[in-house]
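Student: Following this message is one structure expressed as structure tokens.
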Amino acid sequence: MTLTPLDWAIIVVYLVGCVVAGVWMKRFVRNVEDFAIAGREMDVYLGVASLAATEVGIVTIMYTAEMGFTNGPAGATFGVLSALAMFLVGLTGFVIVPMRNTGVMTIPELLEKRFGVAVRWLAGLVIILGGVLNMGIFLRLGGEFLVHLIGLPQQYLEWTMTALLALVLLYTVLGGMLSVLVTDYLQFLVMGMGIVVTSVLVLWNTPWPVLTQQLALAHQATLASQEKDPPRTDSSSKAPSASTATDPREHPQAASLGSSEVADSHRGKALRPAGADSVPPLPKGMKMGNPFNPVGRGGLGWMWVLWQAMTALAVVTTWQTTIARVLAARDSRTAKRVYRRTAFYFVGRFALPGLWGAAAFLYFWHLGGLPEGVDSLRAMPRFLATLLPMGLLGLMVAAMLAAEMSTDSGYLLTWATVIYNDLVMPLVRRKPSEQVRLLIIRILVVLIGLFLVFYGLWYPLPGKAWDYLAVTGNIYLASLFTLLVGALYWPSANRIGAIAAIILGAVGPISFLIVNFLHERYPDRFPWQIAPEMAGLAAFGCAFAGMIFGSLIGRAFLPHPTAPTRP
Amino acid sequence: METWEKIAEGFWAVMVFASIAWYFFLLFYVGIRGGREILRMGHRQGEKPDAPATH
């Protein structure tokens with residue numbers, strides 16, 4: 001490993017401080033409301049820190065860096081759309097104000113007030129499937145980041161991440177949301193410091209004018225190579241991945257990168273502007289989309305941008321970990337202020353790791369390609385390993401551990417709260433005592449932690465697992481967004497419409513999965529494919545159609561369509 | 001089209017540098033105000049009538 005005693009000292013101080021602060025908050029937990037939503041005592045700046053820390057995990061940083069690696073700064077388009085959506089929601093109070101004013105603990109609880117207990121249970125199930133399955137990838141990717149950044153031996157990955165999750169479980173189980181808020185605050189500071197210092201160092205190493213000039217050249221080279229060899233519509237034309245990484249036999253220099261003298265010879269060397277004639281050819285498996293204009297030639301496209309805009313709005317209004325901060329806020333005014341003040345943070349959440357990813361692209365391009373075992377997802381940590389000096393490497397590791405821990409704790413608590421509140425409690429006839437209820441929710445946090453350790457870390461995910469995760473996430477966002485908008489803003493919405501929205505919201509993503517599977521398995525008999533943006537937009541369209549037509553049909557059959565009280 | 005690309009390039013330059021400046025500013029601003037809010041939250045939780053009850 002490449003860590004020095006100074007790096008280790010930074011990491012240990014951070015971890016000890018976090019756990020002590022988290023465990024200390026246990027003294028203030030008296031009931032489920034304290035545990036799940038911090039007794040609704042969260043103020044604006046603690047909310048900003050907690051929301052920002054929870055929504056920036058290692059997995060986010062790796063994916064946003066990958067977007068920078070394949071699309072340059074334009075890969076951060078979703079960050080800008082998220083910031084806009086969050087600011088507009090913070091300004092208008094769309095969804096979050098009526099939701100906070102109902103005094104519920106979870107989204108399905110609010111849906112029960114309007115659509116009845118069956119919809120609450122069904123919505124709880126959709127949230128858990130979408131949320132917990134998505135969280136399953138966090139630990140392994142977090143571990144892989146450490147493997148590539150500090151050279152953590154692969155055989156220690158599982159044990160390291162299990163130990164990290166055990167620390168997170170310790171303070172989350174004891175202090176619930178109160179511990180999560182305080183540790184999120186510390187993690188926000190450490191993570192912010194690491195992100196700022198690393199970004200400055202990356203720009204020092206690859207000055208902005210050089211970065212933009214070379215990304216433009218890489219894009220031109222990509223377009224030229226595509227004109228010579230037009231991209232096929234199958235999966236082989238996708239962004240570079242593990243399967244399309246550079247063949248080390250073609251690029252022996254790249255193959256030896258990492259621990260070799262090649263990496264050392266490039267360590268800390270700044271890139272200089274180059275003329276178009278001195279640009280090296282693009283290695284196999286590396287290509288650059290339109291680095292600045294997402295809707296320009298070779299860019300991500302209008303459909304993609306539209307889908308991401310819709311997704312951004314759905315995420316900021318329905319993603320339960322984000323909404324948990326709204327529900328923990330002192331009042332709806334505080335919730336709106338938290339949203340407005342956090343909004344711009346979401347630009348950096350994508351733009352800064354995207355910057356690291358774009359710089360990593362240039363670094364490996366000039367080295368002749370990606371080394372063996374490194375793909376577009378893992379290129380950024382490998383690049384940072386060559387860039388960060390002693391001390392800063394420790395800060396970066398602490399920052400990334402902070403990102404991972406804050407996300408894990410927030411997610412563990414949120415999903416446990418939904419299972420407790422919307423799946424378990426509706427089935428219990430006699431309300432147990434406060435102590436027993438606290439015990440139930442704490443056990444649920446531990447069980448989700450154990451599930452994650454085995455499902456996401458020790459059990460190797462099948463190759464298609466990524467697709468299932470994307471599909472469950474898509475069903476969640478499309479269905480829940482439609483349900484919430486219907487429940488809060490459409491007086492004619494009813495139970496039939498709500499159930500139809502959940503079912504039809506699942507049709508688009510599941511069709512995507514089946515059609516693309518058939519195309520991959522039998523390309524001659526099934527030449528069609530569904531683009532992810534089409535499937536994503538169709539999910540929202542189908543869910544809204546289900547809500548509208550289902551509710552209209554329901555009016556004819558239900559004696560009192562709005563029998564449950566309106567929230 | 002060239003003009004749009006230039007505008008987009010300028011836009012991302014603003015986004016990246018403003019993000020770094022914003023993150024740096026928040027380190028101190030949220031650092032100080034968030035710290036105060038934690039203390040106040042602890043006080044309020046401690047003053048609630050039946051606290052602490054789960055030890």
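In the structure tokens, the first chain shown is A, the next is B, and so on; residue numbers restart at 1 for each chain, and ligands run from 1 in the order shown.
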Near region 3-19 of chain B, within 8 Å and counting only C-alpha atoms, which residues show up once chain neighbours fewer than 2 positions away are dropped, as a list in words?
Tutor: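 Everything that qualifies: Pro73, Ala74, Trp208, Thr212, Phe292, Asn293, Gly296, Phe344, Tyr345, Val347, Gly348, Ala351, Leu352 and Leu355 of chain A; Met1, Ala21, Trp22 and Tyr23 of chain B.
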Student: Quick one: residues within 6 Å of Ala539 (chain A), only C-alpha atoms, excluding same-chain residues fewer than 2 positions away - as a PyMOL selection string?
Tutor: chain A and resi 478+505+508+536-537+541-542
Student: So the first atom is CA of Ile37 (chain A) and the second is CA of Met177 (chain A); what is the distance between them in Å, to one decimal place?
Tutor: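 We find that CA of Ile37 (chain A) and CA of Met177 (chain A) lie 5.7 Å from each other.
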Student: Could you state the separation of CA of Gly449 (chain A) and CA of Ile107 (chain A) in Å, given to one decimal place?
Tutor: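 Atom-to-atom, CA of Gly449 (chain A) to CA of Ile107 (chain A), that is 22.1 Å.
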Student: With only C-alpha atoms as the atoms that count, which of A:Met62, A:Met303, A:Phe188, A:Glu55 lies nearest to Tyr29 (chain B)?
Tutor: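 Nearest to Tyr29 (chain B): A:Phe188.
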Student: If you run DSSP on the backbone here, which positions in chain B get alpha helix (DSSP H)? Please write them as a PyMOL selection string.
Tutor: chain B and resi 2-47
Student: For CA of Lys336 (chain A) and CA of Gly93 (chain A), determine how far apart the two atoms are, in Å to one decimal place.
Tutor: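 CA of Lys336 (chain A) sits 6.2 Å away from CA of Gly93 (chain A).
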Student: For a quick check of understanding, using only C-alpha atoms, which of B:Phe28, B:Gly34, B:Arg44, B:Leu39 has the smallest distance to chain A?
Tutor: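 Of all the options, B:Gly34 lies closest to chain A.
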Student: With a distance cut-off of 10 Å and only C-alpha atoms, select the neighbouring residues of Lys48 (chain B), excluding the residue or stretch itself and same-chain residues fewer than 5 positions from it, and output the selection as number ranges by chain.
Tutor: A: 28, 30; B: 43
Student: Show which residues sit within 12 Å of region 497-499 of chain A, as a PyMOL selection string. Count only C-alpha atoms, and ignore same-chain residues fewer than 3 positions away.
Tutor: chain A and resi 108+111-112+114-123+126+478-487+490-494+502-506+542-558+561-562
Student: Write out as a ChimeraX atom specification each polymer residue whose atoms come within 9 Å of region 138-142 of chain A, counting only C-alpha atoms; drop sequence neighbours fewer than 3 positions from it.
Tutor: /A:57-59,62,134-135,145-147,157-158,161-162,165,400-401,404,407-408,452-453,456-458
Student: Which residues are close to Gly130 (chain A), i.e. within 7 Å by only C-alpha atoms, leaving aside same-chain residues fewer than 3 positions away? Reply as a short mmCIF file (atom, residue, chain, number, x, y, z; two decimals) with C-alpha atoms, in the first residue's frame.
Tutor:
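See around27.cif below for the written result:
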data_model
loop_
_atom_site.label_atom_id
_atom_site.label_comp_id
_atom_site.auth_asym_id
_atom_site.auth_seq_id
_atom_site.Cartn_x
_atom_site.Cartn_y
_atom_site.Cartn_z
CA VAL A 126 -41.31 -0.47 -4.36
CA ILE A 127 -39.19 1.88 -2.25
CA LEU A 133 -30.99 -3.18 -4.10
CA ASN A 134 -29.33 -0.01 -5.34
CA THR A 472 -35.74 -1.10 -9.84
CA GLY A 473 -34.49 2.48 -9.38
CA TYR A 476 -39.26 3.63 -7.89
#
Student: Using only C-alpha atoms, which protein or nucleic acid residues come within 7 Å of Ala385 (chain A)? Drop anything in the same chain fewer than 4 positions from it, and give the result as a short mmCIF file (atom, residue, chain, number, x, y, z; two decimals) with all heavy atoms, in the first residue's frame.
Tutor:
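And here's out-v5.cif as it stands now:
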data_model
loop_
_atom_site.label_atom_id
_atom_site.label_comp_id
_atom_site.auth_asym_id
_atom_site.auth_seq_id
_atom_site.Cartn_x
_atom_site.Cartn_y
_atom_site.Cartn_z
N LEU A 149 -6.84 3.39 -5.48
CA LEU A 149 -6.23 4.64 -5.00
C LEU A 149 -4.98 4.38 -4.16
O LEU A 149 -3.95 5.02 -4.36
CB LEU A 149 -7.25 5.43 -4.16
CG LEU A 149 -6.76 6.78 -3.65
CD1 LEU A 149 -6.58 7.76 -4.80
CD2 LEU A 149 -7.73 7.38 -2.64
N ILE A 150 -5.06 3.45 -3.22
CA ILE A 150 -3.92 3.26 -2.30
C ILE A 150 -3.26 1.90 -2.46
O ILE A 150 -2.36 1.56 -1.70
CB ILE A 150 -4.36 3.45 -0.83
CG1 ILE A 150 -5.48 2.46 -0.44
CG2 ILE A 150 -4.79 4.88 -0.57
CD1 ILE A 150 -5.80 2.45 1.04
N PRO A 381 -9.60 6.77 -9.83
CA PRO A 381 -8.77 6.52 -8.64
C PRO A 381 -7.34 6.14 -9.00
O PRO A 381 -6.39 6.51 -8.29
CB PRO A 381 -9.50 5.37 -7.91
CG PRO A 381 -10.50 4.84 -8.86
CD PRO A 381 -10.82 5.94 -9.82
#
